[in-house]
Amino acid sequence: GENVEQHPSTLSVQEGDSAVIKCTYSDSASNYFPWYKQELGKRPQLIIDIRSNVGEKKDQRIAVTLNKTAKHFSLHITETQPEDSAVYFCAGYPSSGSARQLTFGSGTQLTVLP
Amino acid sequence: SAVISQKPSRDICQRGTSLTIQCQVDSQVTMMFWYRQQPGQSLTLIATANQGSEATYESGFVIDKFPISRPNLTFSTLTVSNMSPEDSSIYLCSGSTVINEKLFFGSGTQLSVL
């Protein structure tokens, strides 16, 4: 089965700086990688996702990059704001599988300091 | 995104009692799942709720402890039975859409067992 490792577990940045969270995966068949943001006391929310046929995807201040050869993918947040403070989870699974096979990383607590 | 409603949002229960959590999803959702999120931890899949038949449980979770129903396509319940303090956690209903990969979450049930 898939194994997803996420680093760092905690990350503090100054407002306006960039934040990068990295994940590695083990199953070379994995080709769908979503990222979730979970604010304190709230539900996890899908913020961006990427398929393995794409190397990078951007949505305003958020971007995800994928390196299939190295089997790792990263979340990039630019011009961070206090409202970006949350726990971020990466995940991955094979396209031939169902959401049941979604494997989550351990999470990164991002704190944006004003 | 899919609309997923979950209740109750929180409850405080006595040891040995049971709590049933309800989840209602919109028609975009095809598969429904139940997750547990222990304090400060990642998301762990409890089971896949199957319409009109027994749920599919993940390793470490059993039907006697976590009976699940899904009488129709858009509604499911999870019961946490014979509760102990170790069951204190957030329980999340989730669903994936027709394309069977994007996973959306309900607002969660914060359970505390005394």
# chains A, B, ... in the order shown; residues from 1 in each chain; ligands from 1
call {"tool": "residues_around", "arguments": {"residues": "Ser88 of chain B", "least_positions_apart": "6", "cutoff": "6 Å", "atoms": "only C-alpha atoms", "output": "list in words"}}
result
Leu111, Ser112 and Val113 of chain B
call {"tool": "write_last_selection", "arguments": {"atoms": "N, CA, C and O atoms", "output": "mmCIF file, in the first residue's frame"}}
result
data_model
loop_
_atom_site.group_PDB
_atom_site.id
_atom_site.type_symbol
_atom_site.label_atom_id
_atom_site.label_comp_id
_atom_site.auth_asym_id
_atom_site.auth_seq_id
_atom_site.Cartn_x
_atom_site.Cartn_y
_atom_site.Cartn_z
ATOM 1 N N LEU B 111 -16.067 14.349 19.988
ATOM 2 C CA LEU B 111 -16.590 13.466 21.036
ATOM 3 C C LEU B 111 -15.637 13.434 22.222
ATOM 4 O O LEU B 111 -14.438 13.191 22.056
ATOM 5 N N SER B 112 -16.204 13.678 23.401
ATOM 6 C CA SER B 112 -15.443 13.549 24.638
ATOM 7 C C SER B 112 -16.137 12.523 25.506
ATOM 8 O O SER B 112 -17.356 12.612 25.715
ATOM 9 N N VAL B 113 -15.384 11.539 25.987
ATOM 10 C CA VAL B 113 -15.941 10.484 26.815
ATOM 11 C C VAL B 113 -15.340 10.593 28.216
ATOM 12 O O VAL B 113 -14.109 10.570 28.377
#
call {"tool": "closest_atom_pairs", "arguments": {"of": "chain B", "to": "chain A", "cutoff": "7 Å", "atoms": "only C-alpha atoms", "output": "Markdown table"}}
result
| residue | atom | partner | partner_atom | distance |
| --- | --- | --- | --- | --- |
| B:Gln41 | CA | A:Ser106 | CA | 6.8 |
| B:Ser42 | CA | A:Ser106 | CA | 5.1 |
| B:Leu43 | CA | A:Phe104 | CA | 6.6 |
| B:Thr48 | CA | A:Arg100 | CA | 6.9 |
| B:Ser96 | CA | A:Ala99 | CA | 6.6 |
| B:Asn100 | CA | A:Ser98 | CA | 5.9 |
| B:Glu101 | CA | A:Ala99 | CA | 5.1 |
| B:Leu103 | CA | A:Ala99 | CA | 6.7 |
| B:Phe104 | CA | A:Gln45 | CA | 7.0 |
| B:Phe105 | CA | A:Arg43 | CA | 6.2 |
| B:Gly106 | CA | A:Arg43 | CA | 6.4 |
| B:Ser107 | CA | A:Arg43 | CA | 4.9 |
| B:Gly108 | CA | A:Arg43 | CA | 6.3 |
call {"tool": "residues_around", "arguments": {"residues": "Ile62 of chain A", "least_positions_apart": "2", "cutoff": "6 Å", "atoms": "only C-alpha atoms", "output": "PDB file with N, CA and C atoms, in the first residue's frame"}}
result
ATOM      1  N   LYS A  58      -0.893  25.926 -10.202  1.00  0.00           N
ATOM      2  CA  LYS A  58      -0.981  27.121  -9.359  1.00  0.00           C
ATOM      3  C   LYS A  58      -2.411  27.591  -9.209  1.00  0.00           C
ATOM      4  N   ASP A  59      -2.686  28.140  -8.039  1.00  0.00           N
ATOM      5  CA  ASP A  59      -3.974  28.775  -7.799  1.00  0.00           C
ATOM      6  C   ASP A  59      -3.720  29.958  -6.891  1.00  0.00           C
ATOM      7  N   GLN A  60      -3.575  31.110  -7.482  1.00  0.00           N
ATOM      8  CA  GLN A  60      -3.277  32.354  -6.769  1.00  0.00           C
ATOM      9  C   GLN A  60      -1.986  32.204  -5.972  1.00  0.00           C
ATOM     10  N   HIS A  76       3.513  25.007  -2.009  1.00  0.00           N
ATOM     11  CA  HIS A  76       4.182  26.297  -1.874  1.00  0.00           C
ATOM     12  C   HIS A  76       3.121  27.363  -1.632  1.00  0.00           C
ATOM     13  N   ILE A  77       3.304  28.118  -0.571  1.00  0.00           N
ATOM     14  CA  ILE A  77       2.411  29.246  -0.297  1.00  0.00           C
ATOM     15  C   ILE A  77       3.261  30.504  -0.307  1.00  0.00           C
TER      16      ILE A  77
END
call {"tool": "atom_distance", "arguments": {"atom1": "atom CA of Val4 of chain A", "atom2": "atom CA of Leu92 of chain B"}}
result
20.5 Å
call {"tool": "atom_distance", "arguments": {"atom1": "atom CA of Lys65 of chain B", "atom2": "atom CA of Ser94 of chain B"}}
result
19.4 Å
call {"tool": "closest_residue", "arguments": {"among": "B:Gly16, B:Pro71, B:Pro39, B:Gly52", "to": "Tyr91 of chain B", "atoms": "only C-alpha atoms"}}
result
B:Pro39
call {"tool": "residues_around", "arguments": {"residues": "Arg61 of chain A", "least_positions_apart": "3", "cutoff": "12 Å", "atoms": "only C-alpha atoms", "output": "mmCIF file with N, CA and C atoms, in the first residue's frame"}}
result
data_model
loop_
_atom_site.group_PDB
_atom_site.id
_atom_site.type_symbol
_atom_site.label_atom_id
_atom_site.label_comp_id
_atom_site.auth_asym_id
_atom_site.auth_seq_id
_atom_site.Cartn_x
_atom_site.Cartn_y
_atom_site.Cartn_z
ATOM 1 N N GLY A 16 4.172 37.413 4.895
ATOM 2 C CA GLY A 16 4.762 37.894 3.656
ATOM 3 C C GLY A 16 5.821 36.974 3.080
ATOM 4 N N ASP A 17 6.388 36.122 3.942
ATOM 5 C CA ASP A 17 7.367 35.152 3.457
ATOM 6 C C ASP A 17 6.653 33.975 2.805
ATOM 7 N N SER A 18 7.462 33.090 2.202
ATOM 8 C CA SER A 18 6.910 31.882 1.583
ATOM 9 C C SER A 18 7.034 30.693 2.526
ATOM 10 N N ALA A 19 6.156 29.728 2.328
ATOM 11 C CA ALA A 19 6.191 28.485 3.102
ATOM 12 C C ALA A 19 6.178 27.315 2.138
ATOM 13 N N VAL A 20 6.970 26.304 2.447
ATOM 14 C CA VAL A 20 7.028 25.105 1.611
ATOM 15 C C VAL A 20 6.876 23.870 2.494
ATOM 16 N N ILE A 47 -7.644 22.202 -0.912
ATOM 17 C CA ILE A 47 -7.223 23.510 -1.396
ATOM 18 C C ILE A 47 -6.588 23.455 -2.783
ATOM 19 N N ILE A 48 -5.969 22.340 -3.113
ATOM 20 C CA ILE A 48 -5.366 22.185 -4.430
ATOM 21 C C ILE A 48 -5.031 20.723 -4.621
ATOM 22 N N LYS A 57 1.083 23.048 -10.591
ATOM 23 C CA LYS A 57 -0.248 23.644 -10.693
ATOM 24 C C LYS A 57 -0.312 24.817 -9.731
ATOM 25 N N LYS A 58 -0.893 25.926 -10.202
ATOM 26 C CA LYS A 58 -0.981 27.121 -9.359
ATOM 27 C C LYS A 58 -2.411 27.591 -9.209
ATOM 28 N N VAL A 64 1.444 23.723 -6.245
ATOM 29 C CA VAL A 64 1.927 22.380 -5.919
ATOM 30 C C VAL A 64 2.832 21.921 -7.044
ATOM 31 N N LEU A 75 3.941 21.623 -1.454
ATOM 32 C CA LEU A 75 2.979 22.725 -1.426
ATOM 33 C C LEU A 75 3.755 24.014 -1.177
ATOM 34 N N HIS A 76 3.513 25.007 -2.009
ATOM 35 C CA HIS A 76 4.182 26.297 -1.874
ATOM 36 C C HIS A 76 3.121 27.363 -1.632
ATOM 37 N N ILE A 77 3.304 28.118 -0.571
ATOM 38 C CA ILE A 77 2.411 29.246 -0.297
ATOM 39 C C ILE A 77 3.261 30.504 -0.307
ATOM 40 N N THR A 78 2.933 31.424 -1.184
ATOM 41 C CA THR A 78 3.687 32.680 -1.262
ATOM 42 C C THR A 78 2.923 33.801 -0.560
ATOM 43 N N GLU A 79 3.669 34.836 -0.208
ATOM 44 C CA GLU A 79 3.074 36.029 0.448
ATOM 45 C C GLU A 79 2.124 35.596 1.570
ATOM 46 N N THR A 80 2.635 34.816 2.492
ATOM 47 C CA THR A 80 1.785 34.243 3.532
ATOM 48 C C THR A 80 1.082 35.323 4.361
ATOM 49 N N GLN A 81 -0.107 34.944 4.802
ATOM 50 C CA GLN A 81 -0.935 35.836 5.608
ATOM 51 C C GLN A 81 -1.350 35.105 6.875
ATOM 52 N N ASP A 84 -3.441 32.031 6.735
ATOM 53 C CA ASP A 84 -2.877 30.791 6.216
ATOM 54 C C ASP A 84 -2.492 29.843 7.354
#
call {"tool": "atom_distance", "arguments": {"atom1": "atom CA of Arg36 of chain B", "atom2": "atom CA of Ala63 of chain A"}}
result
28.1 Å
call {"tool": "residues_around", "arguments": {"residues": "Phe66 of chain B", "least_positions_apart": "4", "cutoff": "7 Å", "atoms": "only C-alpha atoms", "output": "PyMOL selection string"}}
result
chain B and resi 62+78-81
call {"tool": "write_last_selection", "arguments": {"atoms": "all heavy atoms", "output": "compact mmCIF listing (two decimals), in the first residue's frame"}}
result
# COMPACT_ATOMS: atom_id res chain seq x y z
N VAL B 62 -13.84 -2.55 14.04
CA VAL B 62 -14.78 -3.67 13.90
C VAL B 62 -16.20 -3.18 13.99
O VAL B 62 -16.50 -2.16 14.62
CB VAL B 62 -14.52 -4.75 14.97
CG1 VAL B 62 -13.14 -5.39 14.75
CG2 VAL B 62 -14.64 -4.19 16.37
N LEU B 78 -22.89 6.63 11.87
CA LEU B 78 -21.81 5.91 12.56
C LEU B 78 -22.17 5.90 14.03
O LEU B 78 -22.47 6.96 14.61
CB LEU B 78 -20.47 6.60 12.36
CG LEU B 78 -19.33 6.16 13.29
CD1 LEU B 78 -18.82 4.78 12.89
CD2 LEU B 78 -18.18 7.16 13.26
N THR B 79 -22.16 4.74 14.64
CA THR B 79 -22.38 4.64 16.08
C THR B 79 -21.06 4.26 16.75
O THR B 79 -20.37 3.34 16.29
CB THR B 79 -23.46 3.59 16.40
OG1 THR B 79 -24.69 4.00 15.80
CG2 THR B 79 -23.66 3.46 17.90
N VAL B 80 -20.72 4.98 17.78
CA VAL B 80 -19.57 4.62 18.61
C VAL B 80 -20.16 3.93 19.85
O VAL B 80 -20.87 4.58 20.63
CB VAL B 80 -18.73 5.85 19.00
CG1 VAL B 80 -17.47 5.41 19.74
CG2 VAL B 80 -18.37 6.66 17.77
N SER B 81 -19.90 2.63 19.98
CA SER B 81 -20.58 1.82 20.98
C SER B 81 -19.72 1.61 22.23
O SER B 81 -18.48 1.59 22.15
CB SER B 81 -20.92 0.45 20.39
OG SER B 81 -21.70 0.58 19.24
call {"tool": "select_by_dssp", "arguments": {"residues": "chain A", "states": "strand (DSSP E or B)", "output": "count of residues only"}}
result
65
call {"tool": "closest_residue", "arguments": {"among": "A:Ile50, A:Asn3, A:Asn67, A:Glu15", "to": "Thr111 of chain A", "atoms": "only C-alpha atoms"}}
result
A:Glu15
call {"tool": "residues_around", "arguments": {"residues": "segment 17-34 of chain B", "least_positions_apart": "3", "cutoff": "9 Å", "atoms": "only C-alpha atoms", "output": "PyMOL selection string"}}
result
(chain A and resi 98-100) or (chain B and resi 1-9+11+13-14+44-51+68+70+73-84+91-100+106+109+111)
call {"tool": "closest_residue", "arguments": {"among": "A:Ser74, A:Ser85, A:Thr24, A:Ser30", "to": "Pro114 of chain A", "atoms": "only C-alpha atoms"}}
result
A:Ser85
call {"tool": "residues_around", "arguments": {"residues": "Ala70 of chain A", "least_positions_apart": "2", "cutoff": "10 Å", "atoms": "only C-alpha atoms", "output": "MDAnalysis selection string"}}
result
chainID A and resid 24:26 28 66:68 72:73
call {"tool": "decode", "arguments": {"residues": "segment 51-92 of chain A", "atoms": "C-alpha atoms", "output": "PDB file, in the first residue's frame"}}
result
ATOM      1  CA  ARG A  51      -2.224  14.684 -11.219  1.00  0.00           C
ATOM      2  CA  SER A  52       0.947  12.911 -12.207  1.00  0.00           C
ATOM      3  CA  ASN A  53       0.773  14.065 -15.812  1.00  0.00           C
ATOM      4  CA  VAL A  54       1.355  17.632 -14.620  1.00  0.00           C
ATOM      5  CA  GLY A  55       4.520  18.945 -12.998  1.00  0.00           C
ATOM      6  CA  GLU A  56       3.101  22.066 -11.413  1.00  0.00           C
ATOM      7  CA  LYS A  57      -0.248  23.644 -10.693  1.00  0.00           C
ATOM      8  CA  LYS A  58      -0.981  27.121  -9.359  1.00  0.00           C
ATOM      9  CA  ASP A  59      -3.974  28.775  -7.799  1.00  0.00           C
ATOM     10  CA  GLN A  60      -3.277  32.354  -6.769  1.00  0.00           C
ATOM     11  CA  ARG A  61      -0.802  32.206  -3.861  1.00  0.00           C
ATOM     12  CA  ILE A  62      -0.800  28.418  -3.682  1.00  0.00           C
ATOM     13  CA  ALA A  63       1.146  26.072  -5.922  1.00  0.00           C
ATOM     14  CA  VAL A  64       1.927  22.380  -5.919  1.00  0.00           C
ATOM     15  CA  THR A  65       4.898  20.789  -7.656  1.00  0.00           C
ATOM     16  CA  LEU A  66       5.377  17.116  -8.390  1.00  0.00           C
ATOM     17  CA  ASN A  67       8.562  15.180  -9.097  1.00  0.00           C
ATOM     18  CA  LYS A  68       7.527  11.695 -10.212  1.00  0.00           C
ATOM     19  CA  THR A  69      11.074  10.446 -10.552  1.00  0.00           C
ATOM     20  CA  ALA A  70      11.924  11.298  -6.983  1.00  0.00           C
ATOM     21  CA  LYS A  71       8.388  10.516  -5.808  1.00  0.00           C
ATOM     22  CA  HIS A  72       7.861  13.719  -3.942  1.00  0.00           C
ATOM     23  CA  PHE A  73       5.499  16.664  -4.141  1.00  0.00           C
ATOM     24  CA  SER A  74       5.430  20.007  -2.404  1.00  0.00           C
ATOM     25  CA  LEU A  75       2.979  22.725  -1.426  1.00  0.00           C
ATOM     26  CA  HIS A  76       4.182  26.297  -1.874  1.00  0.00           C
ATOM     27  CA  ILE A  77       2.411  29.246  -0.297  1.00  0.00           C
ATOM     28  CA  THR A  78       3.687  32.680  -1.262  1.00  0.00           C
ATOM     29  CA  GLU A  79       3.074  36.029   0.448  1.00  0.00           C
ATOM     30  CA  THR A  80       1.785  34.243   3.532  1.00  0.00           C
ATOM     31  CA  GLN A  81      -0.935  35.836   5.608  1.00  0.00           C
ATOM     32  CA  PRO A  82      -2.103  35.137   9.177  1.00  0.00           C
ATOM     33  CA  GLU A  83      -5.181  33.358   7.808  1.00  0.00           C
ATOM     34  CA  ASP A  84      -2.877  30.791   6.216  1.00  0.00           C
ATOM     35  CA  SER A  85      -2.137  29.510   9.730  1.00  0.00           C
ATOM     36  CA  ALA A  86      -3.546  25.976   9.880  1.00  0.00           C
ATOM     37  CA  VAL A  87      -2.619  22.320   9.657  1.00  0.00           C
ATOM     38  CA  TYR A  88      -1.911  21.146   6.119  1.00  0.00           C
ATOM     39  CA  PHE A  89      -2.205  17.502   5.036  1.00  0.00           C
ATOM     40  CA  CYS A  90      -0.901  15.964   1.852  1.00  0.00           C
ATOM     41  CA  ALA A  91      -2.325  12.749   0.465  1.00  0.00           C
ATOM     42  CA  GLY A  92      -1.931  10.388  -2.421  1.00  0.00           C
TER      43      GLY A  92
END
